[in-house]
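Here the structure is laid out as structure tokens; the discussion comes afterwards.
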Amino acid sequence: MMQIRPFVSFLAVYVLLGVFAEGQILRRVATIDLPGPGGKRFDYLTIDEEDQFLLSAHLTPGILYVIDMRTNRVVKAIPGLPGITGLEFVPGTGKVYTSDWGEEKIGIVDLHSMSVRKRLATEAKPNGSTYATPLHKMYVSNTLGKAVTVVDTDKDEIVKVLKFESETGMPQYDSSARKVYINLRSTNEIAEIDPSTDTLLGKYPVDGCQFNHGMAVDSEHHRAFILCSGNRTFTIFALDTHKSIAHLPIPAGADVVKFDPSLGRIYVACSSGFISVFQAQDAEHYRKLEDFPVQKMVHSLAVDSTTHRVYAPEQQENGQPVARMIVYEAITSDRSKP
């Protein structure tokens, strides 16, 4: 059995401080007004750690926001990305790849010029994406096309399209195993891909899960955190043994899940008005900390693993249209830390 980094101390301190009773897992620390139209749907977020940029997709107006996380200011609102859903930054290149549902294309945005430099035609409904760093490949899920498009990020060309018999959900890259995993949400399975050859190694049932779409990965412990919206279940899946090892309840509308490895926390954005927060005690044991209340229609988020801040876009406040980013501070055992 592999050695597991202990997380028990975090839980013990939470209980001693009475954090569960107070409901203080996150603290709102900033609000960033966004220039796009209020009341319109947002989608995925990602982080450019090199420039300390938060990148946010405003789906309905087709805008990519570039936000400086040091100042909480909008650096640029880049238009011309119809129906932007997924997005992924490629380190060392200054490029972010966008999934543009409105034109069924993958956009390639240059963050140096803050402009769209290329568009690649893809399959139906491009959605979530993941980057296999050592192979310089981007994997873009095409949900309705039942496919994953593979892009060579050196040449900015499509090199392969992987076809499935199921609608595809979020893909994720396991940097330790060097494998790409893809949610097959129509069949409640997860597909394993060897990115060195882009061949299918296997498909595995996610027991206890219905309609698996959102996913995050803990590469150190070979665990996938999977959102099962069909039965409102958060499933922890062992990527090494291909088995479900835990199931925990989540509110309705769970869409995006993110993992903060140094805190051992998992965050789930639920459009019914919550961010569900879970704690890893070790690789076999997980516990819900809180369903933290937020505005309805918040179904995406990002986590800065350095500051541990959580970012979530809001399209409404108590039913009234807004366009803004909320910044939350993670409350930890050491109150001096962010």
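Chain identifiers are assigned as A, B, and so on, following the order in which chains appear in the structure tokens; residues are numbered from 1 within each chain, and ligands are numbered from 1 in order of appearance.
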
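When the distance limit is 8 Å and only C-alpha atoms are what count, the residues near Ile84 (chain A), minus those fewer than 4 positions from it on the same chain, are Asp43, Ala57, His58, Leu59, Thr60, Gly62, Ile63, Leu64, Thr98, Ser99, Asp100, Trp101 and Gly102 of chain A.
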
With distances taken over only C-alpha atoms, which residue among A:Glu123, A:Glu50, A:Asp304, A:Glu104 lies nearest Val90 (chain A)?
A:Glu50

All residues 12 Å or closer to region 140-145 of chain A, only C-alpha atoms, same chain fewer than 2 positions away omitted, as JSON, numbers by chain:
{"A": [85, 86, 87, 88, 97, 98, 99, 100, 101, 104, 105, 106, 107, 120, 121, 122, 123, 124, 125, 126, 127, 128, 129, 130, 131, 132, 137, 138, 147, 148, 149, 150, 151, 152, 158, 159, 160, 161, 162, 163, 164, 165, 166, 167, 168, 169, 170, 171, 172, 173, 180, 181, 182, 183, 184, 185, 186, 212, 213, 214]}

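With only C-alpha atoms as the atoms that count, the minimum distance from Val29 (chain A) to the choices A:Asn72, A:Ala77, A:Phe259, A:Ser276 is reached by A:Asn72.
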
Fewer than 3 positions away in the same chain doesn't count, so skip those; otherwise give me all residues within 6 Å of region 227-243 of chain A, counting only C-alpha atoms, as a ChimeraX atom specification.
/A:209-214,222-224,246-250

Could those selected residues go to a file with all heavy atoms, as a compact mmCIF listing (two decimals), in the first residue's frame?
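This is the output file result09.txt:
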```
# COMPACT_ATOMS: atom_id res chain seq x y z
N CYS A 209 -22.90 5.63 -9.65
CA CYS A 209 -22.89 6.96 -10.28
C CYS A 209 -23.80 6.96 -11.51
O CYS A 209 -23.73 6.05 -12.34
CB CYS A 209 -21.47 7.33 -10.68
SG CYS A 209 -21.30 8.93 -11.48
N GLN A 210 -24.62 7.99 -11.62
CA GLN A 210 -25.47 8.16 -12.79
C GLN A 210 -25.18 9.51 -13.43
O GLN A 210 -25.22 10.54 -12.77
CB GLN A 210 -26.95 8.09 -12.40
CG GLN A 210 -27.38 6.76 -11.82
CD GLN A 210 -28.81 6.78 -11.31
OE1 GLN A 210 -29.59 7.67 -11.62
NE2 GLN A 210 -29.17 5.80 -10.50
N PHE A 211 -24.85 9.48 -14.73
CA PHE A 211 -24.60 10.68 -15.52
C PHE A 211 -23.39 11.45 -14.97
O PHE A 211 -23.49 12.54 -14.46
CB PHE A 211 -25.84 11.58 -15.57
CG PHE A 211 -25.88 12.48 -16.79
CD1 PHE A 211 -26.21 11.97 -18.02
CD2 PHE A 211 -25.60 13.83 -16.68
CE1 PHE A 211 -26.26 12.80 -19.14
CE2 PHE A 211 -25.63 14.66 -17.78
CZ PHE A 211 -25.97 14.15 -19.02
N ASN A 212 -22.22 10.83 -15.11
CA ASN A 212 -20.97 11.42 -14.62
C ASN A 212 -20.45 12.46 -15.60
O ASN A 212 -20.10 12.16 -16.72
CB ASN A 212 -19.92 10.32 -14.40
CG ASN A 212 -19.79 9.36 -15.57
OD1 ASN A 212 -20.79 8.88 -16.10
ND2 ASN A 212 -18.57 9.08 -15.97
N HIS A 213 -20.41 13.71 -15.15
CA HIS A 213 -19.97 14.79 -16.04
C HIS A 213 -18.72 15.50 -15.51
O HIS A 213 -17.67 15.45 -16.12
CB HIS A 213 -21.09 15.80 -16.26
CG HIS A 213 -20.69 16.93 -17.16
ND1 HIS A 213 -20.46 16.74 -18.51
CD2 HIS A 213 -20.45 18.24 -16.91
CE1 HIS A 213 -20.11 17.89 -19.06
NE2 HIS A 213 -20.09 18.82 -18.11
N GLY A 214 -18.81 16.17 -14.36
CA GLY A 214 -17.67 16.90 -13.82
C GLY A 214 -16.64 15.96 -13.21
O GLY A 214 -16.98 14.90 -12.67
N HIS A 222 -3.90 8.97 -7.11
CA HIS A 222 -4.63 8.27 -8.19
C HIS A 222 -6.12 8.16 -7.88
O HIS A 222 -6.71 7.10 -7.92
CB HIS A 222 -4.03 6.88 -8.42
CG HIS A 222 -2.56 6.91 -8.71
ND1 HIS A 222 -2.03 7.42 -9.87
CD2 HIS A 222 -1.49 6.52 -7.95
CE1 HIS A 222 -0.71 7.32 -9.83
NE2 HIS A 222 -0.36 6.80 -8.67
N ARG A 223 -6.71 9.32 -7.58
CA ARG A 223 -8.14 9.38 -7.29
C ARG A 223 -8.81 10.38 -8.23
O ARG A 223 -8.27 11.45 -8.49
CB ARG A 223 -8.39 9.80 -5.84
CG ARG A 223 -7.84 8.83 -4.80
CD ARG A 223 -8.60 7.52 -4.81
NE ARG A 223 -8.15 6.59 -3.80
CZ ARG A 223 -7.33 5.57 -4.04
NH1 ARG A 223 -6.86 5.38 -5.27
NH2 ARG A 223 -6.99 4.74 -3.07
N ALA A 224 -9.97 9.99 -8.72
CA ALA A 224 -10.80 10.91 -9.49
C ALA A 224 -12.00 11.30 -8.64
O ALA A 224 -12.61 10.46 -7.97
CB ALA A 224 -11.27 10.24 -10.79
N ALA A 246 -16.05 5.61 -2.54
CA ALA A 246 -16.87 6.39 -1.61
C ALA A 246 -17.93 7.16 -2.39
O ALA A 246 -17.71 7.53 -3.56
CB ALA A 246 -16.02 7.34 -0.79
N HIS A 247 -19.07 7.38 -1.73
CA HIS A 247 -20.16 8.16 -2.31
C HIS A 247 -20.69 9.11 -1.23
O HIS A 247 -20.97 8.69 -0.12
CB HIS A 247 -21.31 7.25 -2.78
CG HIS A 247 -20.91 6.23 -3.79
ND1 HIS A 247 -20.67 6.53 -5.11
CD2 HIS A 247 -20.69 4.89 -3.66
CE1 HIS A 247 -20.34 5.43 -5.76
NE2 HIS A 247 -20.34 4.42 -4.90
N LEU A 248 -20.82 10.38 -1.60
CA LEU A 248 -21.33 11.38 -0.67
C LEU A 248 -22.38 12.23 -1.38
O LEU A 248 -22.29 12.47 -2.59
CB LEU A 248 -20.19 12.28 -0.17
CG LEU A 248 -19.12 11.57 0.67
CD1 LEU A 248 -17.87 12.42 0.77
CD2 LEU A 248 -19.66 11.24 2.05
N PRO A 249 -23.41 12.69 -0.65
CA PRO A 249 -24.48 13.45 -1.30
C PRO A 249 -24.05 14.86 -1.66
O PRO A 249 -23.23 15.47 -0.96
CB PRO A 249 -25.58 13.46 -0.23
CG PRO A 249 -24.84 13.35 1.07
CD PRO A 249 -23.66 12.48 0.79
N ILE A 250 -24.63 15.38 -2.75
CA ILE A 250 -24.41 16.76 -3.17
C ILE A 250 -25.75 17.38 -3.56
O ILE A 250 -26.68 16.68 -3.94
CB ILE A 250 -23.42 16.87 -4.35
CG1 ILE A 250 -23.79 15.88 -5.48
CG2 ILE A 250 -21.99 16.70 -3.90
CD1 ILE A 250 -22.90 15.97 -6.70
```

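When only C-alpha atoms are used to measure the gap to Asp51 (chain A), the shortest distance among A:Gly38, A:Val66, A:Gly202, A:Ser219 belongs to A:Val66.
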
Contacts of Ile25 (chain A) at 9 Å (only C-alpha atoms; same-chain gap of 4+ positions) as a PDB file with N, CA and C atoms, in the first residue's frame:
```
ATOM      1  N   VAL A  19     -15.635  24.948  13.669  1.00  0.00           N
ATOM      2  CA  VAL A  19     -15.875  25.537  12.348  1.00  0.00           C
ATOM      3  C   VAL A  19     -17.119  24.953  11.709  1.00  0.00           C
ATOM      4  N   PHE A  20     -17.353  23.664  11.935  1.00  0.00           N
ATOM      5  CA  PHE A  20     -18.540  23.041  11.332  1.00  0.00           C
ATOM      6  C   PHE A  20     -19.807  23.732  11.826  1.00  0.00           C
ATOM      7  N   VAL A 277     -18.254  21.491   0.015  1.00  0.00           N
ATOM      8  CA  VAL A 277     -16.843  21.384   0.363  1.00  0.00           C
ATOM      9  C   VAL A 277     -16.603  20.053   1.058  1.00  0.00           C
ATOM     10  N   LEU A 289     -17.608  18.764   4.545  1.00  0.00           N
ATOM     11  CA  LEU A 289     -17.478  19.812   5.546  1.00  0.00           C
ATOM     12  C   LEU A 289     -18.711  20.690   5.594  1.00  0.00           C
ATOM     13  N   GLU A 290     -19.207  21.070   4.407  1.00  0.00           N
ATOM     14  CA  GLU A 290     -20.326  22.004   4.401  1.00  0.00           C
ATOM     15  C   GLU A 290     -20.886  22.155   2.997  1.00  0.00           C
ATOM     16  N   PHE A 292     -21.844  25.177   1.406  1.00  0.00           N
ATOM     17  CA  PHE A 292     -21.702  26.617   1.638  1.00  0.00           C
ATOM     18  C   PHE A 292     -22.675  27.372   0.735  1.00  0.00           C
ATOM     19  N   GLU A 329     -11.965  33.359   0.567  1.00  0.00           N
ATOM     20  CA  GLU A 329     -10.776  32.925   1.283  1.00  0.00           C
ATOM     21  C   GLU A 329     -11.095  31.620   2.001  1.00  0.00           C
ATOM     22  N   ALA A 330     -10.217  30.649   1.882  1.00  0.00           N
ATOM     23  CA  ALA A 330     -10.400  29.383   2.589  1.00  0.00           C
ATOM     24  C   ALA A 330      -9.974  29.554   4.043  1.00  0.00           C
ATOM     25  N   ILE A 331     -10.869  29.239   4.958  1.00  0.00           N
ATOM     26  CA  ILE A 331     -10.546  29.318   6.386  1.00  0.00           C
ATOM     27  C   ILE A 331      -9.853  28.028   6.781  1.00  0.00           C
ATOM     28  N   THR A 332      -8.642  28.169   7.279  1.00  0.00           N
ATOM     29  CA  THR A 332      -7.826  27.007   7.643  1.00  0.00           C
ATOM     30  C   THR A 332      -7.546  27.022   9.136  1.00  0.00           C
TER      31      THR A 332
END
```

Excluding Thr46 (chain A) and any residue of its chain fewer than 2 positions from it, enumerate the residues within 7 Å of it, using only C-alpha atoms, and give them as a PDB file with N, CA, C and O atoms, in the first residue's frame.
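Writing done, so here's around_2.pdb:
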```pdb
ATOM      1  N   TYR A  44     -16.701  27.556 -17.578  1.00  0.00           N
ATOM      2  CA  TYR A  44     -15.484  27.167 -16.875  1.00  0.00           C
ATOM      3  C   TYR A  44     -14.547  28.333 -16.578  1.00  0.00           C
ATOM      4  O   TYR A  44     -14.562  29.368 -17.242  1.00  0.00           O
ATOM      5  N   ASP A  48      -3.925  30.904 -15.013  1.00  0.00           N
ATOM      6  CA  ASP A  48      -2.595  31.067 -15.590  1.00  0.00           C
ATOM      7  C   ASP A  48      -1.677  31.441 -14.438  1.00  0.00           C
ATOM      8  O   ASP A  48      -1.617  32.604 -14.025  1.00  0.00           O
ATOM      9  N   LEU A  54      -6.575  34.955 -13.639  1.00  0.00           N
ATOM     10  CA  LEU A  54      -7.760  34.106 -13.625  1.00  0.00           C
ATOM     11  C   LEU A  54      -8.433  34.271 -14.981  1.00  0.00           C
ATOM     12  O   LEU A  54      -8.674  35.392 -15.436  1.00  0.00           O
ATOM     13  N   LEU A  55      -8.758  33.165 -15.628  1.00  0.00           N
ATOM     14  CA  LEU A  55      -9.388  33.177 -16.942  1.00  0.00           C
ATOM     15  C   LEU A  55     -10.800  32.640 -16.795  1.00  0.00           C
ATOM     16  O   LEU A  55     -11.004  31.535 -16.292  1.00  0.00           O
ATOM     17  N   SER A  56     -11.782  33.424 -17.240  1.00  0.00           N
ATOM     18  CA  SER A  56     -13.180  33.079 -17.008  1.00  0.00           C
ATOM     19  C   SER A  56     -13.977  33.158 -18.306  1.00  0.00           C
ATOM     20  O   SER A  56     -13.889  34.155 -19.037  1.00  0.00           O
ATOM     21  N   LEU A  87     -12.086  25.996 -21.093  1.00  0.00           N
ATOM     22  CA  LEU A  87     -10.852  26.702 -21.421  1.00  0.00           C
ATOM     23  C   LEU A  87      -9.717  26.116 -20.615  1.00  0.00           C
ATOM     24  O   LEU A  87      -9.917  25.641 -19.496  1.00  0.00           O
ATOM     25  N   GLU A  88      -8.516  26.109 -21.217  1.00  0.00           N
ATOM     26  CA  GLU A  88      -7.351  25.515 -20.561  1.00  0.00           C
ATOM     27  C   GLU A  88      -6.100  26.283 -20.976  1.00  0.00           C
ATOM     28  O   GLU A  88      -5.878  26.531 -22.167  1.00  0.00           O
ATOM     29  N   ALA A 302     -12.986  28.117  -9.647  1.00  0.00           N
ATOM     30  CA  ALA A 302     -11.564  27.818  -9.787  1.00  0.00           C
ATOM     31  C   ALA A 302     -10.918  27.965  -8.422  1.00  0.00           C
ATOM     32  O   ALA A 302     -11.406  28.714  -7.569  1.00  0.00           O
TER      33      ALA A 302
END
```

Excluding Thr71 (chain A) and residues on its chain fewer than 4 positions from it, collect all residues at most 12 Å away from it, counting only C-alpha atoms, and give them as number ranges by chain.
A: 30-32, 52-54, 66-67, 75, 327

Residues as selected, N, CA and C atoms, written as a PDB file, in the first residue's frame, can you do that?
```
ATOM      1  N   ALA A  30     -13.741  39.525  -1.639  1.00  0.00           N
ATOM      2  CA  ALA A  30     -13.709  40.520  -2.714  1.00  0.00           C
ATOM      3  C   ALA A  30     -14.791  40.225  -3.738  1.00  0.00           C
ATOM      4  N   THR A  31     -15.211  41.283  -4.433  1.00  0.00           N
ATOM      5  CA  THR A  31     -16.143  41.187  -5.547  1.00  0.00           C
ATOM      6  C   THR A  31     -15.540  41.942  -6.724  1.00  0.00           C
ATOM      7  N   ILE A  32     -15.509  41.288  -7.883  1.00  0.00           N
ATOM      8  CA  ILE A  32     -14.955  41.895  -9.087  1.00  0.00           C
ATOM      9  C   ILE A  32     -16.082  42.070 -10.097  1.00  0.00           C
ATOM     10  N   GLN A  52      -0.340  35.044 -13.106  1.00  0.00           N
ATOM     11  CA  GLN A  52      -1.307  35.262 -12.027  1.00  0.00           C
ATOM     12  C   GLN A  52      -2.623  35.818 -12.568  1.00  0.00           C
ATOM     13  N   PHE A  53      -3.072  35.182 -13.674  1.00  0.00           N
ATOM     14  CA  PHE A  53      -4.338  35.548 -14.289  1.00  0.00           C
ATOM     15  C   PHE A  53      -5.396  34.493 -13.980  1.00  0.00           C
ATOM     16  N   LEU A  54      -6.575  34.955 -13.639  1.00  0.00           N
ATOM     17  CA  LEU A  54      -7.760  34.106 -13.625  1.00  0.00           C
ATOM     18  C   LEU A  54      -8.433  34.271 -14.981  1.00  0.00           C
ATOM     19  N   VAL A  66      -9.885  38.141 -18.632  1.00  0.00           N
ATOM     20  CA  VAL A  66      -8.546  37.960 -18.074  1.00  0.00           C
ATOM     21  C   VAL A  66      -8.472  38.862 -16.845  1.00  0.00           C
ATOM     22  N   ILE A  67      -8.349  38.239 -15.657  1.00  0.00           N
ATOM     23  CA  ILE A  67      -8.401  38.969 -14.388  1.00  0.00           C
ATOM     24  C   ILE A  67      -7.084  38.801 -13.647  1.00  0.00           C
ATOM     25  N   VAL A  75      -8.109  42.707 -16.603  1.00  0.00           N
ATOM     26  CA  VAL A  75      -7.066  43.182 -17.507  1.00  0.00           C
ATOM     27  C   VAL A  75      -7.615  43.356 -18.912  1.00  0.00           C
ATOM     28  N   VAL A 327     -14.678  36.380  -4.820  1.00  0.00           N
ATOM     29  CA  VAL A 327     -13.440  35.788  -4.332  1.00  0.00           C
ATOM     30  C   VAL A 327     -13.657  35.357  -2.884  1.00  0.00           C
TER      31      VAL A 327
END
```

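The space separating CA of Lys258 (chain A) from CA of Pro134 (chain A) comes to 21.8 Å.
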
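Separating CA of Arg28 (chain A) from CA of Pro91 (chain A) is a distance of 29.0 Å.
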
Among region 74-315 of chain A, which residues does DSSP mark as strand (DSSP E) when it is run on the backbone? Keep the chain and numbering as in the structure and answer as JSON, numbers by chain.
{"A": [74, 75, 76, 77, 78, 84, 85, 86, 87, 88, 89, 90, 95, 96, 97, 98, 99, 100, 105, 106, 107, 108, 109, 110, 115, 116, 117, 118, 119, 120, 121, 126, 127, 128, 129, 130, 131, 132, 137, 138, 139, 140, 141, 142, 147, 148, 149, 150, 151, 152, 157, 158, 159, 160, 161, 162, 163, 168, 169, 170, 171, 172, 173, 174, 179, 180, 181, 182, 183, 184, 189, 190, 191, 192, 193, 194, 199, 200, 201, 202, 203, 204, 205, 212, 213, 214, 215, 216, 217, 218, 223, 224, 225, 226, 227, 228, 233, 234, 235, 236, 237, 238, 243, 244, 245, 246, 247, 248, 249, 254, 255, 256, 257, 258, 259, 260, 265, 266, 267, 268, 269, 270, 274, 275, 276, 277, 278, 279, 280, 281, 282, 285, 286, 287, 288, 289, 290, 291, 292, 293, 302, 303, 310, 311, 312, 313, 314, 315]}

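Residue nearest Gln315 (chain A) within the list A:Arg41, A:Arg27, A:His136, A:Lys95: A:Arg41 [criterion: smallest interatomic distance, only C-alpha atoms].
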